[in-house]
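S.K.: One file is attached below, coords_23.csv, containing CSV, C-alpha atoms.
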chain,number,residue,atom,x,y,z
A,276,MET,CA,2.8,28.7,-15.1
A,277,ILE,CA,6.2,27.2,-16.0
A,278,MET,CA,7.7,28.1,-12.6
A,279,GLU,CA,4.8,26.3,-10.9
A,280,ALA,CA,5.2,23.1,-13.0
A,281,ILE,CA,9.0,22.7,-12.8
A,282,PRO,CA,9.2,21.2,-9.3
A,283,PHE,CA,6.5,18.6,-10.2
A,284,VAL,CA,8.3,17.7,-13.5
A,285,LEU,CA,11.6,17.5,-11.6
A,286,VAL,CA,10.1,15.1,-9.0
A,287,GLY,CA,8.5,13.1,-11.8
A,288,VAL,CA,11.7,12.7,-13.7
A,289,ILE,CA,13.6,11.7,-10.5
A,290,VAL,CA,11.1,9.1,-9.6
A,291,SER,CA,11.1,7.9,-13.2
A,292,GLY,CA,14.9,7.5,-13.0
A,293,LEU,CA,14.6,5.6,-9.8
A,294,ILE,CA,12.1,3.2,-11.4
A,295,GLN,CA,14.5,2.7,-14.3
A,296,SER,CA,17.4,2.0,-12.0
A,297,PHE,CA,15.8,-0.2,-9.3
A,298,LEU,CA,12.7,-2.0,-10.8
A,299,THR,CA,13.2,-4.8,-13.2
A,300,GLU,CA,10.7,-6.0,-15.8
A,301,LYS,CA,10.7,-9.4,-14.1
A,302,TRP,CA,9.7,-7.9,-10.8
A,303,ILE,CA,6.9,-5.8,-12.3
A,304,ALA,CA,5.6,-8.8,-14.3
A,305,ARG,CA,5.6,-10.9,-11.1
A,306,ILE,CA,3.5,-8.4,-9.1
A,307,MET,CA,1.2,-7.2,-11.8
A,308,PRO,CA,-2.0,-9.2,-12.0
A,309,ARG,CA,-2.9,-10.8,-15.4
A,310,ASN,CA,-6.5,-9.9,-15.0
A,311,ARG,CA,-7.3,-6.5,-16.6
A,312,PHE,CA,-9.7,-5.5,-13.8
A,313,PHE,CA,-7.3,-6.3,-11.0
A,314,SER,CA,-4.4,-4.6,-12.8
A,315,THR,CA,-6.5,-1.5,-13.2
A,316,LEU,CA,-7.3,-1.6,-9.5
A,317,LEU,CA,-3.6,-2.0,-8.7
A,318,GLY,CA,-2.8,1.0,-10.9
A,319,CYS,CA,-5.4,3.1,-9.0
A,320,GLY,CA,-4.0,1.9,-5.7
A,321,ILE,CA,-0.5,2.9,-6.6
A,322,GLY,CA,-1.6,6.2,-8.0
A,323,ILE,CA,-3.0,7.2,-4.6
A,324,PHE,CA,0.6,7.4,-3.3
A,325,PHE,CA,1.7,9.9,-5.9
A,326,PRO,CA,-0.3,13.1,-5.3
A,327,ALA,CA,1.0,15.4,-8.1
A,328,CYS,CA,-0.2,17.1,-11.1
A,329,GLU,CA,-0.2,15.5,-14.5
A,330,CYS,CA,3.1,17.2,-15.4
A,331,GLY,CA,4.8,15.0,-12.8
A,332,ILE,CA,2.9,11.8,-13.4
A,333,VAL,CA,3.4,11.6,-17.1
A,334,PRO,CA,7.2,10.7,-16.9
A,335,ILE,CA,6.5,8.1,-14.3
A,336,THR,CA,3.7,6.6,-16.3
A,337,ARG,CA,5.8,6.4,-19.4
A,338,ARG,CA,8.6,4.7,-17.6
A,339,LEU,CA,6.2,2.2,-16.1
A,340,LEU,CA,4.7,1.5,-19.5
A,341,GLY,CA,8.2,1.0,-20.8
A,342,LYS,CA,8.9,-1.5,-18.1
A,343,GLY,CA,5.9,-3.7,-19.0
A,344,VAL,CA,2.9,-2.3,-17.1
A,345,PRO,CA,-0.3,-2.9,-19.1
A,346,LEU,CA,-1.8,0.2,-20.7
A,347,ASN,CA,-5.0,0.0,-18.6
A,348,ALA,CA,-3.1,0.0,-15.4
A,349,GLY,CA,-0.9,2.9,-16.6
A,350,ILE,CA,-4.0,5.0,-17.5
A,351,ALA,CA,-5.6,4.2,-14.1
A,352,PHE,CA,-2.4,5.2,-12.4
A,353,MET,CA,-2.2,8.5,-14.3
A,354,LEU,CA,-5.9,9.4,-13.7
A,355,THR,CA,-5.8,8.6,-10.0
Would you put the structure from the file into structure tokens?
M.R.:
Amino acid sequence: MIMEAIPFVLVGVIVSGLIQSFLTEKWIARIMPRNRFFSTLLGCGIGIFFPACECGIVPITRRLLGKGVPLNAGIAFMLT
């Protein structure tokens, strides 16, 4: 089980590092809708582009939440 999860965790950590390095809080605040419904839809839409198991999505979601993404959009991203 651990050997199957390691590649997904590694990809998740790499993408999380790229988010930390290249995305600023100002840029995320500018593109994130203020409406909860639309920010949830945006989180679902972005989540479609990351087809991975939850072990790879959790580091990405935590990094996005740390950068200022609303919790409802982060949960929608993780569940998609």
S.K.: Using only C-alpha atoms, which residues sit within 9 Å of A:Gln295 once same-chain residues fewer than 4 positions away are excluded, as a list of chain:residue names?
M.R.: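 So, after excluding close chain neighbours, the residues are A:Val290, A:Ser291, A:Thr299, A:Arg338, A:Leu339, A:Lys342.
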S.K.: If I take atom CA of A:Cys319 and atom CA of A:Met278, how far is one from the other in Å, to one decimal?
M.R.: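 A separation of 28.5 Å between them.
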S.K.: Residues within 12 Å of A:Phe312, please, as a ChimeraX atom specification. Count only C-alpha atoms; anything in the same chain fewer than 2 positions from it doesn't count.
M.R.: /A:307-310,314-319,345-348,351
S.K.: I'd like the contact shell of A:Leu285 - 12 Å cut-off, all atoms listed in the file, skipping same-chain residues fewer than 6 positions apart - returned as a count of residues only.
M.R.: 13
S.K.: Nearest to A:Gly322 among A:Val286, A:Met353, A:Ile281, A:Val344, with distances taken over only C-alpha atoms: which residue is it?
M.R.: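 Smallest distance to A:Gly322 is found for A:Met353.
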S.K.: As an exercise, work out the distance from atom CA of A:Ile321 to atom CA of A:Gly349 in Å and give it to one decimal place.
M.R.: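 It comes out at 10.0 Å.
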